[in-house]
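upload-v2.cif (mmCIF, C-alpha atoms and all ligand atoms) appears below.
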data_upload
loop_
_atom_site.label_atom_id
_atom_site.label_comp_id
_atom_site.auth_asym_id
_atom_site.auth_seq_id
_atom_site.Cartn_x
_atom_site.Cartn_y
_atom_site.Cartn_z
CA MET A 16 -74.33 -45.84 -31.17
CA GLN A 17 -76.28 -44.13 -33.88
CA GLU A 18 -77.50 -41.57 -31.37
CA GLU A 19 -74.04 -41.14 -29.93
CA LEU A 20 -72.74 -40.28 -33.42
CA LYS A 21 -75.54 -37.76 -34.03
CA LYS A 22 -74.86 -36.20 -30.65
CA ILE A 23 -71.14 -35.88 -31.37
CA GLU A 24 -71.91 -34.24 -34.72
CA ALA A 25 -74.36 -31.76 -33.22
CA GLU A 26 -72.10 -30.83 -30.32
CA ALA A 27 -69.05 -30.49 -32.52
CA LEU A 28 -70.92 -28.23 -34.92
CA SER A 29 -72.20 -26.01 -32.13
CA GLU A 30 -68.80 -25.79 -30.44
CA LEU A 31 -67.31 -24.96 -33.82
CA GLN A 32 -69.53 -21.89 -34.07
CA ALA A 33 -68.01 -20.52 -30.86
CA VAL A 34 -64.35 -20.92 -31.90
CA ALA A 35 -62.61 -17.53 -32.06
CA ASN A 36 -59.07 -18.30 -33.29
CA SER A 37 -56.94 -21.01 -34.92
CA ALA A 38 -55.42 -22.10 -31.61
CA ASP A 39 -58.87 -22.86 -30.18
CA LEU A 40 -59.79 -24.57 -33.43
CA GLU A 41 -56.79 -26.86 -33.15
CA GLU A 42 -57.77 -27.74 -29.59
CA LEU A 43 -61.27 -28.61 -30.76
CA ARG A 44 -59.91 -30.70 -33.64
CA ILE A 45 -57.91 -32.77 -31.16
CA LYS A 46 -60.95 -33.13 -28.93
CA TYR A 47 -62.90 -34.82 -31.74
CA PHE A 48 -60.39 -36.17 -34.26
CA GLY A 49 -57.39 -36.78 -32.00
CA ARG A 50 -56.20 -40.31 -31.24
CA LYS A 51 -58.17 -40.25 -28.02
CA GLY A 52 -60.81 -37.92 -29.50
CA ARG A 53 -64.53 -38.56 -29.24
CA LEU A 54 -65.01 -39.59 -32.85
CA SER A 55 -62.01 -41.94 -32.84
CA THR A 56 -63.24 -43.56 -29.62
CA VAL A 57 -66.63 -44.30 -31.13
CA MET A 58 -65.07 -45.63 -34.34
CA ARG A 59 -62.91 -47.97 -32.31
CA GLY A 60 -66.06 -49.40 -30.69
CA MET A 61 -67.31 -50.57 -34.13
CA GLY A 62 -65.51 -53.88 -33.73
CA LYS A 63 -68.03 -54.96 -31.14
CA LEU A 64 -71.02 -54.44 -33.44
CA SER A 65 -72.96 -57.24 -35.10
CA ALA A 66 -72.48 -57.94 -38.80
CA ALA A 67 -75.91 -56.47 -39.55
CA GLU A 68 -75.31 -53.20 -37.66
CA ARG A 69 -71.78 -52.58 -38.84
CA PRO A 70 -72.47 -51.35 -42.44
CA VAL A 71 -75.25 -49.04 -41.30
CA ILE A 72 -73.30 -47.51 -38.48
CA GLY A 73 -70.14 -47.48 -40.60
CA LYS A 74 -71.91 -45.45 -43.30
CA LEU A 75 -73.26 -43.00 -40.73
CA ALA A 76 -69.87 -42.66 -39.04
CA ASN A 77 -68.27 -41.84 -42.39
CA GLU A 78 -70.94 -39.25 -43.10
CA VAL A 79 -70.47 -37.62 -39.72
CA ARG A 80 -66.71 -37.58 -40.13
CA GLY A 81 -67.08 -36.13 -43.64
CA ASN A 82 -69.46 -33.41 -42.48
CA LEU A 83 -67.30 -32.45 -39.55
CA THR A 84 -64.12 -32.43 -41.63
CA THR A 85 -65.73 -30.05 -44.11
CA ALA A 86 -67.07 -27.85 -41.31
CA PHE A 87 -63.65 -27.71 -39.60
CA GLU A 88 -61.99 -26.82 -42.90
CA GLU A 89 -64.45 -24.04 -43.58
CA VAL A 90 -64.05 -22.53 -40.14
CA GLY A 91 -60.25 -22.95 -40.41
CA GLU A 92 -60.16 -21.05 -43.69
CA LYS A 93 -62.39 -18.31 -42.35
CA LEU A 94 -60.23 -17.86 -39.27
CA ALA A 95 -56.99 -17.85 -41.28
CA ARG A 96 -58.41 -15.18 -43.57
CA GLN A 97 -59.54 -13.07 -40.62
CA GLU A 98 -56.24 -13.37 -38.81
CA ARG A 99 -54.33 -12.38 -41.92
CA GLU A 100 -56.53 -9.36 -42.40
CA ASN A 101 -56.06 -8.36 -38.78
CA GLN A 102 -52.32 -8.65 -39.09
CA LEU A 103 -52.24 -6.60 -42.29
CA ALA A 104 -54.39 -3.92 -40.67
CA MET A 105 -52.08 -3.86 -37.65
CA GLU A 106 -48.92 -3.57 -39.71
CA ALA A 107 -50.32 -1.00 -42.10
CA ILE A 108 -48.08 2.02 -42.72
CA ASP A 109 -49.68 5.39 -43.14
CA ILE A 110 -47.96 6.60 -46.27
CA THR A 111 -49.72 9.94 -46.09
CA LEU A 112 -47.50 11.05 -43.17
CA PRO A 113 -45.01 13.72 -44.32
CA GLY A 114 -41.45 12.28 -44.41
CA ARG A 115 -38.43 13.51 -42.53
CA ARG A 116 -36.16 15.52 -44.77
CA PRO A 117 -32.64 14.01 -44.91
CA GLN A 118 -29.99 16.50 -43.78
CA LEU A 119 -27.97 17.28 -46.87
CA GLY A 120 -24.33 18.22 -46.34
CA VAL A 121 -22.35 20.66 -48.47
CA LYS A 122 -18.68 20.58 -49.34
CA HIS A 123 -16.54 22.38 -46.78
CA PRO A 124 -15.41 25.82 -48.03
CA ILE A 125 -11.78 24.62 -47.86
CA THR A 126 -12.62 21.65 -50.09
CA GLN A 127 -14.51 23.89 -52.49
CA THR A 128 -11.58 26.30 -52.67
CA LEU A 129 -9.04 23.48 -53.11
CA GLU A 130 -11.10 22.04 -55.94
CA ARG A 131 -11.36 25.42 -57.66
CA ILE A 132 -7.59 26.02 -57.39
CA GLN A 133 -6.87 22.58 -58.83
CA GLN A 134 -9.36 23.13 -61.65
CA ILE A 135 -7.65 26.40 -62.64
CA PHE A 136 -4.13 24.94 -62.67
CA ARG A 137 -5.24 21.77 -64.46
CA GLY A 138 -6.58 24.11 -67.13
CA MET A 139 -3.02 25.44 -67.52
CA GLY A 140 -1.56 21.95 -67.88
CA PHE A 141 -0.42 21.28 -64.30
CA HIS A 142 -0.65 17.76 -62.85
CA VAL A 143 -1.54 17.02 -59.23
CA ALA A 144 1.17 15.39 -57.09
CA ASP A 145 1.38 14.62 -53.39
CA GLY A 146 3.78 13.63 -50.62
CA PRO A 147 3.84 12.64 -46.93
CA GLU A 148 2.59 14.88 -44.13
CA ILE A 149 5.04 13.27 -41.72
CA GLU A 150 8.29 14.39 -43.25
CA HIS A 151 12.01 14.08 -42.74
CA GLU A 152 13.75 17.35 -41.94
CA TYR A 153 15.94 16.69 -44.98
CA TYR A 154 13.03 17.28 -47.38
CA ASN A 155 11.28 19.90 -45.27
CA PHE A 156 14.44 22.01 -44.78
CA ASP A 157 17.89 20.84 -45.99
CA ALA A 158 16.97 19.99 -49.57
CA LEU A 159 15.11 23.30 -49.75
CA ASN A 160 18.33 25.14 -49.06
CA THR A 161 17.29 25.87 -45.48
CA PRO A 162 20.35 25.25 -43.28
CA ALA A 163 20.29 23.87 -39.72
CA ASP A 164 20.60 27.30 -38.11
CA HIS A 165 17.73 28.81 -40.08
CA PRO A 166 15.04 30.37 -37.84
CA ALA A 167 12.29 28.52 -39.73
CA ARG A 168 13.47 25.34 -38.03
CA ASP A 169 12.74 26.82 -34.62
CA LEU A 170 10.75 24.66 -32.22
CA GLN A 171 8.47 27.68 -31.88
CA ASP A 172 7.06 27.04 -35.36
CA THR A 173 7.83 23.46 -36.28
CA LEU A 174 6.05 20.49 -34.74
CA TYR A 175 8.77 17.86 -34.32
CA ILE A 176 8.04 14.15 -33.82
CA THR A 177 11.66 13.17 -33.24
CA ASP A 178 14.90 15.14 -33.71
CA GLU A 179 14.76 14.50 -37.45
CA VAL A 180 11.13 13.72 -38.19
CA LEU A 181 8.44 16.40 -38.19
CA LEU A 182 5.01 17.39 -39.43
CA ARG A 183 5.77 19.19 -42.66
CA THR A 184 5.56 22.94 -42.21
CA HIS A 185 4.74 23.50 -45.89
CA THR A 186 4.06 21.54 -49.08
CA SER A 187 7.40 22.59 -50.59
CA PRO A 188 9.22 19.31 -49.66
CA VAL A 189 7.21 17.61 -52.41
CA GLN A 190 9.20 19.70 -54.92
CA VAL A 191 12.41 17.75 -54.27
CA ARG A 192 10.62 14.43 -53.73
CA PHE A 193 8.99 14.80 -57.13
CA MET A 194 12.13 15.90 -58.97
CA GLU A 195 14.07 12.93 -57.51
CA LYS A 196 11.66 10.59 -59.26
CA HIS A 197 10.90 12.45 -62.49
CA ALA A 198 13.16 13.93 -65.16
CA PRO A 199 12.35 17.46 -66.39
CA PRO A 200 10.10 18.96 -67.64
CA VAL A 201 7.94 19.19 -64.51
CA ARG A 202 4.63 20.95 -64.18
CA ILE A 203 2.87 20.07 -60.92
CA ILE A 204 0.73 21.46 -58.18
CA VAL A 205 0.67 19.88 -54.72
CA PRO A 206 -2.49 20.44 -52.68
CA GLY A 207 -2.18 19.24 -49.09
CA LYS A 208 -2.08 19.82 -45.36
CA ALA A 209 0.74 21.48 -43.46
CA TYR A 210 1.29 22.05 -39.74
CA ARG A 211 2.75 24.79 -37.59
CA HIS A 212 2.71 25.83 -33.96
CA ASP A 213 0.53 28.83 -34.62
CA TYR A 214 -2.97 30.05 -33.66
CA ASP A 215 -4.61 33.42 -34.27
CA VAL A 216 -7.19 35.04 -36.61
CA SER A 217 -5.16 34.15 -39.68
CA HIS A 218 -3.41 30.93 -38.52
CA THR A 219 -4.52 27.45 -37.45
CA PRO A 220 -2.11 24.65 -36.44
CA THR A 221 -3.34 22.50 -39.34
CA PHE A 222 -3.80 24.34 -42.59
CA HIS A 223 -3.76 23.74 -46.32
CA GLN A 224 -1.40 24.84 -49.03
CA VAL A 225 -1.12 24.43 -52.74
CA GLU A 226 2.46 24.25 -53.95
CA GLY A 227 3.35 24.82 -57.58
CA LEU A 228 6.50 23.80 -59.45
CA LEU A 229 7.37 24.25 -63.10
CA VAL A 230 10.78 23.22 -64.44
CA ASP A 231 11.86 23.15 -68.07
CA TYR A 232 14.76 24.14 -70.29
CA HIS A 233 13.93 27.82 -70.92
CA VAL A 234 11.60 28.96 -68.18
CA THR A 235 11.60 32.65 -67.30
CA PHE A 236 10.27 34.77 -64.46
CA SER A 237 7.75 36.38 -66.80
CA GLU A 238 6.11 32.99 -67.26
CA LEU A 239 5.67 32.79 -63.50
CA LYS A 240 3.99 36.18 -63.64
CA GLY A 241 1.74 35.09 -66.49
CA VAL A 242 0.67 31.87 -64.77
CA LEU A 243 -0.06 33.58 -61.45
CA HIS A 244 -1.87 36.50 -63.04
CA SER A 245 -4.08 34.12 -64.97
CA PHE A 246 -4.74 32.19 -61.76
CA ALA A 247 -5.66 35.35 -59.84
CA ARG A 248 -8.09 36.53 -62.50
CA GLN A 249 -9.79 33.14 -62.76
CA MET A 250 -10.01 32.89 -59.00
CA PHE A 251 -10.99 36.43 -58.05
CA GLY A 252 -12.39 37.97 -61.24
CA ASP A 253 -11.22 39.59 -64.47
CA GLN A 254 -10.57 42.98 -62.90
CA THR A 255 -7.99 41.60 -60.43
CA ASP A 256 -4.62 43.36 -60.45
CA MET A 257 -1.43 41.76 -59.19
CA ARG A 258 1.90 42.97 -57.85
CA PHE A 259 5.14 41.26 -56.92
CA ARG A 260 7.04 42.50 -53.86
CA PRO A 261 10.68 41.45 -53.42
CA HIS A 262 11.02 38.94 -50.60
CA PHE A 263 13.26 36.12 -49.40
CA PHE A 264 12.66 32.37 -49.43
CA PRO A 265 15.62 29.99 -49.05
CA PHE A 266 14.47 27.81 -51.96
CA THR A 267 13.87 30.52 -54.57
CA GLU A 268 16.09 33.26 -56.01
CA PRO A 269 14.82 35.82 -56.72
CA SER A 270 11.77 35.52 -54.47
CA ALA A 271 8.60 37.53 -54.21
CA GLU A 272 5.48 37.90 -52.20
CA VAL A 273 2.49 38.30 -54.47
CA ASP A 274 -0.50 40.53 -53.76
CA ILE A 275 -3.81 40.97 -55.52
CA SER A 276 -5.85 44.16 -55.59
CA CYS A 277 -8.26 44.17 -52.66
CA THR A 278 -11.43 42.27 -53.53
CA VAL A 279 -13.49 44.48 -51.22
CA CYS A 280 -12.42 48.02 -52.23
CA SER A 281 -10.71 47.24 -55.59
CA GLY A 282 -7.61 49.07 -54.41
CA SER A 283 -8.86 52.32 -52.91
CA GLY A 284 -8.11 51.13 -49.37
CA CYS A 285 -10.45 49.66 -46.74
CA ARG A 286 -10.47 47.72 -43.49
CA THR A 287 -9.96 44.34 -45.16
CA CYS A 288 -6.69 45.45 -46.78
CA SER A 289 -5.71 47.70 -43.84
CA GLY A 290 -5.97 50.67 -46.17
CA SER A 291 -3.23 49.44 -48.52
CA GLY A 292 -5.48 48.38 -51.41
CA TRP A 293 -3.60 45.04 -51.65
CA LEU A 294 -4.02 41.52 -50.23
CA GLU A 295 -1.12 39.10 -50.02
CA ILE A 296 -2.02 35.70 -51.42
CA LEU A 297 1.17 33.70 -52.00
CA GLY A 298 4.93 33.38 -52.11
CA ALA A 299 6.82 32.56 -55.28
CA GLY A 300 10.14 32.75 -57.05
CA ALA A 301 12.62 31.20 -59.45
CA VAL A 302 13.84 27.82 -58.17
CA ASP A 303 17.20 28.27 -56.41
CA PRO A 304 20.03 26.39 -58.23
CA ASN A 305 20.94 24.74 -54.91
CA VAL A 306 17.52 23.06 -54.82
CA PHE A 307 18.17 21.66 -58.30
CA GLU A 308 21.47 20.24 -57.03
CA TYR A 309 19.70 18.49 -54.14
CA ALA A 310 17.21 17.02 -56.61
CA ASN A 311 20.01 15.91 -59.00
CA TYR A 312 18.91 18.29 -61.74
CA ASN A 313 21.59 20.23 -63.58
CA PRO A 314 21.11 23.94 -62.77
CA ASP A 315 23.08 24.85 -65.91
CA GLU A 316 20.48 23.08 -68.04
CA VAL A 317 17.12 23.77 -66.44
CA THR A 318 15.33 26.71 -64.87
CA GLY A 319 12.00 26.88 -63.16
CA PHE A 320 9.64 28.63 -60.85
CA ALA A 321 7.74 27.69 -57.75
CA PHE A 322 4.96 29.14 -55.70
CA GLY A 323 3.04 28.30 -52.58
CA MET A 324 -0.31 29.59 -51.38
CA GLY A 325 -2.35 29.18 -48.22
CA VAL A 326 -5.77 27.78 -49.00
CA GLU A 327 -7.40 29.21 -45.85
CA ARG A 328 -6.14 32.62 -46.92
CA ILE A 329 -7.57 32.24 -50.44
CA ALA A 330 -10.89 30.96 -49.00
CA SER A 331 -11.12 33.82 -46.51
CA ILE A 332 -10.69 36.35 -49.33
CA ARG A 333 -13.04 34.46 -51.62
CA TYR A 334 -15.85 34.22 -49.06
CA GLY A 335 -15.05 37.27 -46.90
CA ILE A 336 -14.28 35.31 -43.71
CA PRO A 337 -12.58 37.61 -41.18
CA ASP A 338 -11.35 34.88 -38.76
CA ILE A 339 -10.15 31.68 -40.44
CA ARG A 340 -10.51 29.71 -37.20
CA ALA A 341 -14.25 29.64 -38.01
CA LEU A 342 -13.34 27.17 -40.77
CA TYR A 343 -12.42 24.61 -38.12
CA GLU A 344 -15.16 25.09 -35.55
CA ASN A 345 -17.67 22.87 -37.39
CA ASP A 346 -20.54 25.22 -36.62
CA LEU A 347 -23.27 24.18 -39.07
CA ARG A 348 -24.75 27.69 -39.08
CA PHE A 349 -21.42 28.92 -40.45
CA LEU A 350 -20.77 26.03 -42.85
CA ARG A 351 -24.27 26.07 -44.40
CA GLN A 352 -23.56 29.52 -45.86
CA PHE A 353 -21.24 28.10 -48.50
N1 LIG A 401 6.71 27.30 -48.55
C1 LIG A 401 6.43 28.71 -48.35
C2 LIG A 401 5.67 28.91 -47.04
O1 LIG A 401 5.12 27.97 -46.55
C3 LIG A 401 5.59 29.23 -49.46
C4 LIG A 401 6.35 29.30 -50.74
C5 LIG A 401 7.04 30.44 -51.08
C6 LIG A 401 6.42 28.22 -51.58
C7 LIG A 401 7.77 30.53 -52.26
C8 LIG A 401 7.12 28.27 -52.77
C9 LIG A 401 7.79 29.45 -53.09
O2 LIG A 401 7.20 27.26 -53.62
O3 LIG A 401 8.51 29.54 -54.26
O4 LIG A 401 5.62 30.01 -46.55
#
If you convert what's in this file into structure tokens, what do you get?
Ligand code: DAH
Amino acid sequence: MQEELKKIEAEALSELQAVANSADLEELRIKYFGRKGRLSTVMRGMGKLSAAERPVIGKLANEVRGNLTTAFEEVGEKLARQERENQLAMEAIDITLPGRRPQLGVKHPITQTLERIQQIFRGMGFHVADGPEIEHEYYNFDALNTPADHPARDLQDTLYITDEVLLRTHTSPVQVRFMEKHAPPVRIIVPGKAYRHDYDVSHTPTFHQVEGLLVDYHVTFSELKGVLHSFARQMFGDQTDMRFRPHFFPFTEPSAEVDISCTVCSGSGCRTCSGSGWLEILGAGAVDPNVFEYANYNPDEVTGFAFGMGVERIASIRYGIPDIRALYENDLRFLRQF
């Protein structure tokens, strides 16, 4: 039995040297220490020994088991360390590789222009208001003094959803919506989308407008001129000239179309302004008393002015874009220029 124990120790130690990974080590551990393992089998045989042999063999068996346990632990630790190092090496990330540059977006030129317009009018004390894009014809037309037989209501221009509900054709309906809910004085701008059945170099079916409305007890037309002139100079530069041309809008009286001096030729005449020296930028006028009646304001007490500008138009002048449809084509080569 003594020899058997020595043999087991020697064989186990030599097999241990050949173990290459923790799975093999575990197999070997079972082979020797398992319930049916070689060492356990020998230990079980101790019962049959004589009283004289038992302490001697018992001491040796304990030594062998102690030696082997230590040897197994050492090899186990070595293997665990190795395997961890291998794994770390395998999962290593080469941080010297150059990174991929994230694609940075820029604000769309329409957004940039809208923000600039709002900034200018906020500076003059205007508040920002809004209203629905799906509108009732009452607010889009009737309450703006635009009767049922008015050509602006034509199916050719207006995108109807039902007989009475439509996509607003301008931001002007917010004028009456706002006045219904707020007593004068009013000083608002309304940036937003509008829709028309229209498509060419200067029109897209969805477009943006900024509406303006100022109502108070002694408002005059000269204040409209002052506000718009200040806007034009802040938007297009200090040298910008402005002119009012008589025009007609159902919801203002008198009405005007407003031009600025051409930003390309400063007024001498060029291709951009078709030789006229002027660029039209907005419509404006004194609020028609009928509109005040619809909004339940007393036209004998208050006066006011309104204006409305196309944001695509302003952006195309600001950035020199000849065909505004480019603003909606989402071509990154175009958009990255702004
Ligand atoms: N709503 C007009 C349009 O879309 C623009 C406009 C003109 C608005 C005169 C106004 C205004 O408030 O006074 O063509």
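Nearest to ligand LIG 401 (chain A) of all the residues A:Phe156, A:Phe263, A:Phe322, A:Tyr232 is A:Phe322, based on all atoms listed in the file.
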message: Quick check, in Å to one decimal: how far apart do CA of His223 in chain A and CA of Ala209 in chain A lie?
response: 5.8 Å
Selection near Glu19 in chain A, 12 Å with all atoms listed in the file, sequence-local residues under 6 positions removed, as a count of residues only: 12
message: Using only C-alpha atoms for the distances, tell me which of A:Pro162, A:Gly81, A:Gly282, A:Pro337 is nearest to Ser217 in chain A.
response: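 Answer, going by the shortest atom-to-atom distance: A:Pro337.
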field: Distance filter 7 Å around ligand LIG 401 (chain A), atoms: all atoms listed in the file, out as a list in words
entry: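 Counting only what the definition allows, namely all atoms listed in the file, the set is Thr184, His185, Thr186, Ser187, Glu226, Gly227, Leu228, Phe264, Phe266, Thr267, Ser270, Leu297, Gly298, Ala299, Gly300, Ala301, Val302, Phe320, Ala321, Phe322, Gly323 and Met324 of chain A.
Within 12 Å of the point (9.2, 17.5, -66.0) in file coordinates, and counting all atoms listed in the file, lie the residues Gly140, Phe141, His142, Gln190, Phe193, Met194, Glu195, Lys196, His197, Ala198, Pro199, Pro200, Val201, Arg202, Ile203, Leu228, Leu229, Val230, Asp231, Tyr232, Val234, Tyr312, Val317, Thr318 and Gly319 of chain A.
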- prompt: If we count all atoms listed in the file, what is near Ile132 in chain A at a cut-off of 9 Å, once residues fewer than 2 positions away on the same chain are taken out, given as a VMD selection string?
  reply: chain A and resid 127 to 130 134 to 137 206 225 246 250 326
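Among A:Tyr309, A:Ser37, A:Asn77, A:Met139, the residue with the shortest atom-to-atom distance to Glu238 in chain A, counting all atoms listed in the file, is A:Met139.
Separating CA of Asn82 in chain A from CA of Met16 in chain A is a distance of 17.5 Å.
Within the 9 Å cut-off around Ile149 in chain A, using only C-alpha atoms and omitting residues fewer than 6 positions from it on the same chain, the listed residues are Ile176, Val180, Leu181, Leu182 and Arg183 of chain A.
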